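Working notes for the structure below.
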Amino acid sequence: MKSGTESGNCRVRRFGLNARGRDLAVGDIHGHFNRLDAALTAIGFSPGRDRLFAVGDLVDRGPESADVLAWLERPWFHAICGNHDLMTWRRALNDPIPDVDHLAHGGRWLDACDGPTRARIAACLRALPLAIEVETANGVVGLVHADFPYDDWQAIHGAAFSPEDEDACLWSIDRYRMQYARPIRNVRAVVHGHMTLREPTQLGNVYYIDTGGWQDGGRFTLLDLHTLKPGR
């Protein structure tokens with residue numbers, strides 16, 4: 001059974017300190033799990049000691065999207081929900097997001113899956129949390145797919161955190177677009193994917209790590225959550 005506990009609300013999953021090895025975060029995977037596997041091998045990832053945290057968009061666009069089921073069963077692999085994961089599970093349950101064409105966003109692979117596989121994919125992706133908190137020796141690091149609409153991390157634990165706030169976490173690029181660099185309080189750092197950049201970028205204590213590992217010519221950035229530097 002996987003480690004990790006709910007932190008008082010179902011949108012956040014918390015993981016305790018890993019005293020045995022590294023905790024690494026990776027940007028959007030988009031159905032390129034073989035490329036991710038090669039990147040992990042290149043830095044000597046140890047499944048017995050290390051953990052990998054994905055910041056969402058596990059599926060769509062890539063040829064191995066259906067492999068998400070096998071990866072989510074790995075005890076060292078943990079993920080949050082991205083907007084593509086949301087689009088996928090909603091359409092798999094015949095409840096597509098209005099005015100969003102999943103097929104146009106790389107979702108055609110889902111149609112090649114049989115009924116039971118579609119149902120398993122829907123259940124697994126629907127169960128992903130909106131956010132993850134990882135304890136490190138220097139404080140908690142938060143992971144949210146796209147954006148965080150507050151300057152205080154504790155807002156995500158509050159009853160006032162609205163469906164609109166959840167949508168911002170999945171879809172927004174406001175902080176990056178405005179180059180808003182004020183740090184988020186009550187958290188050591190917050191890590192995002194969603195924005196595909198040539199190099200990992202930092203605004204205050206917010207890190208953007210989707211460097212296009214799913215694209216030809218891109219690469220996966222593996223951010224060490226203990227050092228906040230790329231894994232070696």
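Note on naming: chains are A, B, ... as they come in the structure tokens, residues start from 1 per chain, ligands start from 1 in the order shown.
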Tell me, as a VMD selection string, which residues lie within 9 Å of Ala19 (chain A), counting only C-alpha atoms; anything in the same chain fewer than 2 positions away does not count. chain A and resid 17 21 to 22 49 136
All residues 10 Å or closer to region 110-120 of chain A, only C-alpha atoms, same chain fewer than 5 positions away omitted, as a ChimeraX atom specification: /A:59-60,65-66,69,88-89,91-93,102-103,125-126
Using DSSP on the backbone, list every residue of region 66-228 of chain A that comes out as helix (DSSP H, G or I), and give them as a VMD selection string. chain A and resid 66 to 72 83 to 92 103 to 105 108 to 112 115 to 126 153 to 157 163 to 171 174 to 178
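Counting only C-alpha atoms, the residue from A:Gly16, A:Gly193, A:Pro200, A:Pro183 that sits nearest to Ala146 (chain A) is A:Gly193.
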If you run DSSP on the backbone, which residues of region 60-215 of chain A are strand (DSSP E or B), as a tab-separated table (two decimals) with N, CA and C atoms, in the first residue's frame?
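Listing of out.tsv after writing:
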chain	number	residue	atom	x	y	z
A	77	PHE	N	5.83	6.16	-6.63
A	77	PHE	CA	5.35	7.18	-7.56
A	77	PHE	C	4.05	7.77	-7.05
A	78	HIS	N	4.01	9.10	-6.94
A	78	HIS	CA	2.84	9.80	-6.42
A	78	HIS	C	2.55	11.00	-7.32
A	79	ALA	N	1.28	11.34	-7.47
A	79	ALA	CA	0.94	12.40	-8.42
A	79	ALA	C	-0.25	13.21	-7.94
A	131	ALA	N	-3.50	18.68	-4.49
A	131	ALA	CA	-2.19	19.13	-4.03
A	131	ALA	C	-1.53	18.05	-3.19
A	132	ILE	N	-0.22	18.11	-3.12
A	132	ILE	CA	0.57	17.24	-2.26
A	132	ILE	C	1.48	18.12	-1.41
A	133	GLU	N	1.67	17.73	-0.17
A	133	GLU	CA	2.66	18.35	0.71
A	133	GLU	C	3.71	17.30	1.06
A	134	VAL	N	4.97	17.68	0.91
A	134	VAL	CA	6.09	16.78	1.21
A	134	VAL	C	6.93	17.42	2.31
A	135	GLU	N	7.08	16.73	3.41
A	135	GLU	CA	7.93	17.24	4.48
A	135	GLU	C	9.40	17.07	4.11
A	136	THR	N	10.19	18.11	4.33
A	136	THR	CA	11.64	18.03	4.18
A	136	THR	C	12.27	18.56	5.47
A	139	GLY	N	11.45	22.22	5.86
A	139	GLY	CA	10.07	22.68	5.79
A	139	GLY	C	9.28	21.97	4.71
A	140	VAL	N	7.98	22.22	4.70
A	140	VAL	CA	7.06	21.55	3.78
A	140	VAL	C	7.16	22.18	2.40
A	141	VAL	N	7.18	21.32	1.37
A	141	VAL	CA	7.11	21.75	-0.02
A	141	VAL	C	5.75	21.34	-0.56
A	142	GLY	N	5.05	22.27	-1.20
A	142	GLY	CA	3.75	21.99	-1.78
A	142	GLY	C	3.83	21.80	-3.28
A	143	LEU	N	3.00	20.92	-3.82
A	143	LEU	CA	2.91	20.69	-5.26
A	143	LEU	C	1.48	20.93	-5.71
A	144	VAL	N	1.31	21.80	-6.69
A	144	VAL	CA	0.02	22.10	-7.32
A	144	VAL	C	0.27	22.23	-8.81
A	152	ASP	N	-0.79	32.74	0.83
A	152	ASP	CA	-0.65	31.95	2.05
A	152	ASP	C	-1.05	30.51	1.73
A	185	ARG	N	3.47	32.36	1.72
A	185	ARG	CA	3.79	32.17	3.14
A	185	ARG	C	3.43	30.76	3.61
A	189	ALA	N	8.35	25.98	-0.24
A	189	ALA	CA	8.31	26.22	-1.68
A	189	ALA	C	7.04	25.59	-2.24
A	190	VAL	N	6.64	26.07	-3.41
A	190	VAL	CA	5.53	25.49	-4.16
A	190	VAL	C	6.04	25.16	-5.56
A	191	VAL	N	5.71	23.96	-6.04
A	191	VAL	CA	6.22	23.48	-7.33
A	191	VAL	C	5.05	23.29	-8.30
A	192	HIS	N	5.21	23.83	-9.50
A	192	HIS	CA	4.19	23.74	-10.55
A	192	HIS	C	4.76	23.08	-11.81
A	201	THR	N	12.19	27.60	-13.85
A	201	THR	CA	12.09	29.02	-13.51
A	201	THR	C	11.58	29.17	-12.08
A	202	GLN	N	12.06	30.20	-11.40
A	202	GLN	CA	11.67	30.47	-10.02
A	202	GLN	C	11.13	31.89	-9.91
A	203	LEU	N	9.97	32.02	-9.26
A	203	LEU	CA	9.40	33.32	-8.90
A	203	LEU	C	9.16	33.31	-7.40
A	206	VAL	N	8.28	29.96	-5.67
A	206	VAL	CA	7.48	29.15	-6.59
A	206	VAL	C	8.36	28.68	-7.74
A	207	TYR	N	8.34	27.37	-7.99
A	207	TYR	CA	9.21	26.75	-8.99
A	207	TYR	C	8.38	26.16	-10.11
A	208	TYR	N	8.76	26.47	-11.35
A	208	TYR	CA	8.10	25.92	-12.54
A	208	TYR	C	9.07	24.93	-13.18
A	212	GLY	N	9.37	20.35	-20.79
A	212	GLY	CA	9.04	19.71	-22.05
A	212	GLY	C	9.64	18.35	-22.28
For Asp57 (chain A): contacts at 7 Å, only C-alpha atoms, fewer than 4 positions along chain excluded, given as a compact mmCIF listing (two decimals) with C-alpha atoms, in the first residue's frame:
# COMPACT_ATOMS: atom_id res chain seq x y z
CA ASP A 28 4.22 17.17 -17.01
CA ILE A 29 4.68 13.64 -18.35
CA HIS A 30 1.97 13.59 -21.04
CA CYS A 81 -4.25 16.03 -10.74
CA GLY A 82 -3.56 18.25 -13.74
CA ASN A 83 -6.05 19.71 -16.18
CA HIS A 84 -5.38 16.92 -18.70
CA ASP A 85 -5.99 14.28 -16.03
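If only C-alpha atoms are the atoms counted, then among A:Asp151, A:Arg182, A:Asn205, A:Arg198 the closest residue to Gly218 (chain A) is A:Arg198.
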